[in-house]
Amino acid sequence: MSRREYEDAESEFVEHFLGEYASVSSIVKEALPFELVAVVGGIVSGVILSGMTHELELIPGLIVIVPGVMGLRGNISSTLGSRLSSAIHMGLITKIDYKNKELTNNIISSMILTVIVSIFLGVLGHYISVFLGFGSSGLMKLVLISLLSGFFSGLILSFVSAYLSIGAFRFGFDPDNIVTPAIATIGDIISVMMIFIFARGVLLL
Amino acid sequence: MSYYTINGLVKGGLPILIVTCFMAIVVGLLLSYQEDILIEYPTLLILMPVLLKIGGDTGSMLGSRLSSAFHLGLSRRILNNPVVKNSVLAAIIVALISSAFVSVVVYFINFAFDYNTSALVIFGTSFIVVLLDIFIVYTTAIGFSALSHKVGLDPDDVVIPVVASMGDLVGVIGIMISILIFGLALI
């Protein structure tokens with residue numbers, strides 16, 4: 001059998017056995033509802049952002065760090081949610097117990113990562129903006145906004161993922177199916193709200 | 001000794017976060033470059049996070065499905081592979097439907113808030129971004145998931161953050177292209 005024939009036979013084999021699992025309609029049916037809920041979260045955060053034009057104008061450099069602060073929630077909080085879900089599946093975590101190292105180590109490390117990366121983001125945002133001549137309202141202000149909004153949205157989302165994953169498990173749902181989409185949906189809203197609050201706060205300084 | 005240690009989690013997470021940080025700053029600088037126009041047309045600010053999200057979400061879904069498929073050893077070929085073909089088609093359908101839904105909702109918000117951006121600009125911007133997602137983000141997702149299998153990278157730790165950051169980058173570039181095409185300028 002030539003390589004070509006082998007590959008065609010393989011394709012038919014895969015198509016036959018994966019029919020249900022990997023058919024276009026089954027993937028769409030599984031993914032579309034989550035995405036439609038997630039985009040609503042995205043629209044809400046966009047509406048908050050569109051109400052921030054005043055702050056964006058008054059704090060040069062703020063818009064440079066906005067995608068980064070929002071990205072942290074996707075990259076740190078979603079990872080925390082999926083780790084906690086895995087830990088529940090492995091039986092390492094069964095209830096909210098702050099003496100349980102598996103739970104507290106996960107939350108503490110996500111907060112340590114948030115603090116390190118938020119400070120780095122503010123510093124990077126300031127120096128690159130200044131270097132490229134976009135102007136910045138100052139190292140201190142950008143680091144403060146990035147750190148405080150990152151820290152508080154991280155803290156809120158850590159507890160949301162802990163309670164949600166354990167709650168989902170208690171009620172017999174697979175936490176993987178609940179926590180990641182939920183964090184993706186509310187993560188953007190909470191981080192933009194925090195940016196808004198701390199940008200206002202920094203303007204008062 | 002616990003399974004998850006603070007040291008291990010922080011050391012494991014930091015490198016890719018620093019990389020995504022640089023990509024996010026590039027996205028932020030592109031936004032900053034057109035900040036005046038975004039402030040003039042707040043509807044674009046409403047669209048921005050959600051359009052960045054669609055590419056990242058559907059691309060991540062594609063990346064994680066393909067990473068699993070490649071790891072399961074179903075087939076090593078990328079072209080003419082039914083798993084790749086079906087997953088890409090499904091991602092395109094999900095992206096198109098959700099961007100159409102977003103455009104309708106944002107059009108009504110735009111109308112309610114009196115932002116006066118035309119329906120053509122809203123639907124056009126969403127469509128341009130999805131088109132770029134399909135050509136650039138999905139290619140990245142396919143490439144990285146094949147690579148993650150070959151090189152032995154953890155798909156969750158590497159493929160998804162990279163694809164999500166690509167979604168952000170492509171989303172902002174799409175919005176810039178739409179500003180050019182529709183001739184949005186400061187009034």
# chains A, B, ... in the order shown; residues from 1 in each chain; ligands from 1
>>> select_by_dssp(residues="segment 39-198 of chain A", states="alpha helix (DSSP H)", output="number ranges by chain")
A: 39-50, 53-58, 62-72, 78-89, 101-131, 139-170, 175-198
>>> interface_residues(of="chain A", to="chain B", cutoff="6 Å", atoms="only C-alpha atoms", output="PDB file with N, CA, C and O atoms, in the first residue's frame")
ATOM      1  N   VAL A  24     -18.494  18.285  13.120  1.00  0.00           N
ATOM      2  CA  VAL A  24     -18.571  19.742  13.229  1.00  0.00           C
ATOM      3  C   VAL A  24     -19.733  20.139  14.127  1.00  0.00           C
ATOM      4  O   VAL A  24     -19.584  20.971  15.025  1.00  0.00           O
ATOM      5  N   VAL A  28     -19.653  22.374  17.624  1.00  0.00           N
ATOM      6  CA  VAL A  28     -20.344  23.663  17.688  1.00  0.00           C
ATOM      7  C   VAL A  28     -21.358  23.655  18.828  1.00  0.00           C
ATOM      8  O   VAL A  28     -21.430  24.605  19.608  1.00  0.00           O
ATOM      9  N   LEU A  32     -20.529  26.605  21.327  1.00  0.00           N
ATOM     10  CA  LEU A  32     -21.239  27.860  21.060  1.00  0.00           C
ATOM     11  C   LEU A  32     -21.952  28.447  22.289  1.00  0.00           C
ATOM     12  O   LEU A  32     -21.818  29.646  22.541  1.00  0.00           O
ATOM     13  N   LEU A  36     -21.256  32.208  23.638  1.00  0.00           N
ATOM     14  CA  LEU A  36     -22.284  33.257  23.651  1.00  0.00           C
ATOM     15  C   LEU A  36     -22.406  33.887  25.037  1.00  0.00           C
ATOM     16  O   LEU A  36     -22.610  35.092  25.158  1.00  0.00           O
ATOM     17  N   VAL A  39     -19.135  36.078  25.510  1.00  0.00           N
ATOM     18  CA  VAL A  39     -19.105  37.373  24.804  1.00  0.00           C
ATOM     19  C   VAL A  39     -19.973  38.417  25.514  1.00  0.00           C
ATOM     20  O   VAL A  39     -19.670  39.609  25.446  1.00  0.00           O
ATOM     21  N   GLY A  42     -17.764  39.989  27.797  1.00  0.00           N
ATOM     22  CA  GLY A  42     -16.875  40.876  27.038  1.00  0.00           C
ATOM     23  C   GLY A  42     -17.557  42.184  26.692  1.00  0.00           C
ATOM     24  O   GLY A  42     -16.948  43.260  26.771  1.00  0.00           O
ATOM     25  N   ILE A  43     -18.843  42.110  26.308  1.00  0.00           N
ATOM     26  CA  ILE A  43     -19.575  43.337  25.948  1.00  0.00           C
ATOM     27  C   ILE A  43     -19.741  44.228  27.177  1.00  0.00           C
ATOM     28  O   ILE A  43     -19.524  45.438  27.104  1.00  0.00           O
ATOM     29  N   GLY A  46     -16.645  45.960  27.801  1.00  0.00           N
ATOM     30  CA  GLY A  46     -16.475  47.007  26.791  1.00  0.00           C
ATOM     31  C   GLY A  46     -17.287  48.245  27.119  1.00  0.00           C
ATOM     32  O   GLY A  46     -16.822  49.380  26.929  1.00  0.00           O
ATOM     33  N   VAL A  47     -18.509  48.033  27.625  1.00  0.00           N
ATOM     34  CA  VAL A  47     -19.353  49.180  27.983  1.00  0.00           C
ATOM     35  C   VAL A  47     -18.704  49.971  29.118  1.00  0.00           C
ATOM     36  O   VAL A  47     -18.651  51.204  29.080  1.00  0.00           O
ATOM     37  N   SER A  50     -15.893  51.924  27.674  1.00  0.00           N
ATOM     38  CA  SER A  50     -16.323  53.086  26.889  1.00  0.00           C
ATOM     39  C   SER A  50     -16.768  54.232  27.801  1.00  0.00           C
ATOM     40  O   SER A  50     -16.827  55.378  27.373  1.00  0.00           O
ATOM     41  N   THR A  53     -13.586  56.987  29.041  1.00  0.00           N
ATOM     42  CA  THR A  53     -12.817  57.820  28.100  1.00  0.00           C
ATOM     43  C   THR A  53     -12.129  58.980  28.824  1.00  0.00           C
ATOM     44  O   THR A  53     -11.007  59.345  28.483  1.00  0.00           O
ATOM     45  N   ILE A  63      -4.073  53.133  28.751  1.00  0.00           N
ATOM     46  CA  ILE A  63      -4.596  52.200  27.748  1.00  0.00           C
ATOM     47  C   ILE A  63      -3.542  51.148  27.367  1.00  0.00           C
ATOM     48  O   ILE A  63      -3.874  50.041  26.971  1.00  0.00           O
ATOM     49  N   VAL A  64      -2.254  51.506  27.557  1.00  0.00           N
ATOM     50  CA  VAL A  64      -1.186  50.561  27.216  1.00  0.00           C
ATOM     51  C   VAL A  64      -1.219  49.338  28.147  1.00  0.00           C
ATOM     52  O   VAL A  64      -0.925  48.216  27.724  1.00  0.00           O
ATOM     53  N   ILE A  65      -1.594  49.570  29.432  1.00  0.00           N
ATOM     54  CA  ILE A  65      -1.573  48.433  30.366  1.00  0.00           C
ATOM     55  C   ILE A  65      -2.918  47.718  30.485  1.00  0.00           C
ATOM     56  O   ILE A  65      -2.999  46.644  31.077  1.00  0.00           O
ATOM     57  N   PRO A  67      -4.854  45.970  28.239  1.00  0.00           N
ATOM     58  CA  PRO A  67      -4.909  44.576  27.767  1.00  0.00           C
ATOM     59  C   PRO A  67      -4.106  43.638  28.659  1.00  0.00           C
ATOM     60  O   PRO A  67      -4.503  42.490  28.872  1.00  0.00           O
ATOM     61  N   GLY A  68      -3.005  44.127  29.212  1.00  0.00           N
ATOM     62  CA  GLY A  68      -2.175  43.288  30.075  1.00  0.00           C
ATOM     63  C   GLY A  68      -2.897  42.913  31.363  1.00  0.00           C
ATOM     64  O   GLY A  68      -2.889  41.750  31.773  1.00  0.00           O
ATOM     65  N   GLU A 102      -3.055  22.125  49.606  1.00  0.00           N
ATOM     66  CA  GLU A 102      -3.277  22.049  48.159  1.00  0.00           C
ATOM     67  C   GLU A 102      -4.100  23.254  47.694  1.00  0.00           C
ATOM     68  O   GLU A 102      -3.880  23.794  46.619  1.00  0.00           O
ATOM     69  N   ASN A 105      -1.875  26.744  48.791  1.00  0.00           N
ATOM     70  CA  ASN A 105      -0.696  26.944  47.945  1.00  0.00           C
ATOM     71  C   ASN A 105      -1.094  27.433  46.560  1.00  0.00           C
ATOM     72  O   ASN A 105      -0.433  28.287  45.977  1.00  0.00           O
ATOM     73  N   SER A 109       0.063  31.082  45.388  1.00  0.00           N
ATOM     74  CA  SER A 109       0.970  31.254  44.234  1.00  0.00           C
ATOM     75  C   SER A 109       0.319  32.069  43.136  1.00  0.00           C
ATOM     76  O   SER A 109       1.012  32.829  42.458  1.00  0.00           O
TER      77      SER A 109
END
>>> closest_residue(among="B:Thr125, B:Ser68, B:Asn116, B:Ser60", to="Ala22 of chain A", atoms="only C-alpha atoms")
B:Ser68
>>> atom_distance(atom1="atom CA of Leu203 of chain A", atom2="atom CA of Ala184 of chain A")
29.0 Å
>>> closest_residue(among="B:Phe70, B:Ile175, B:Gly59, B:Phe135", to="Lys150 of chain B", atoms="only C-alpha atoms")
B:Phe70
>>> atom_distance(atom1="atom CA of Ile96 of chain A", atom2="atom CA of Ser158 of chain A")
12.3 Å
>>> closest_residue(among="A:Met140, A:Leu164, A:Asn177, A:Leu205", to="Glu30 of chain A", atoms="only C-alpha atoms")
A:Asn177
>>> closest_residue(among="A:Leu113, A:Lys99, A:Ile93, A:Asn75", to="Val159 of chain B", atoms="only C-alpha atoms")
A:Asn75
>>> atom_distance(atom1="atom CA of Gly154 of chain A", atom2="atom CA of Leu62 of chain B")
26.6 Å
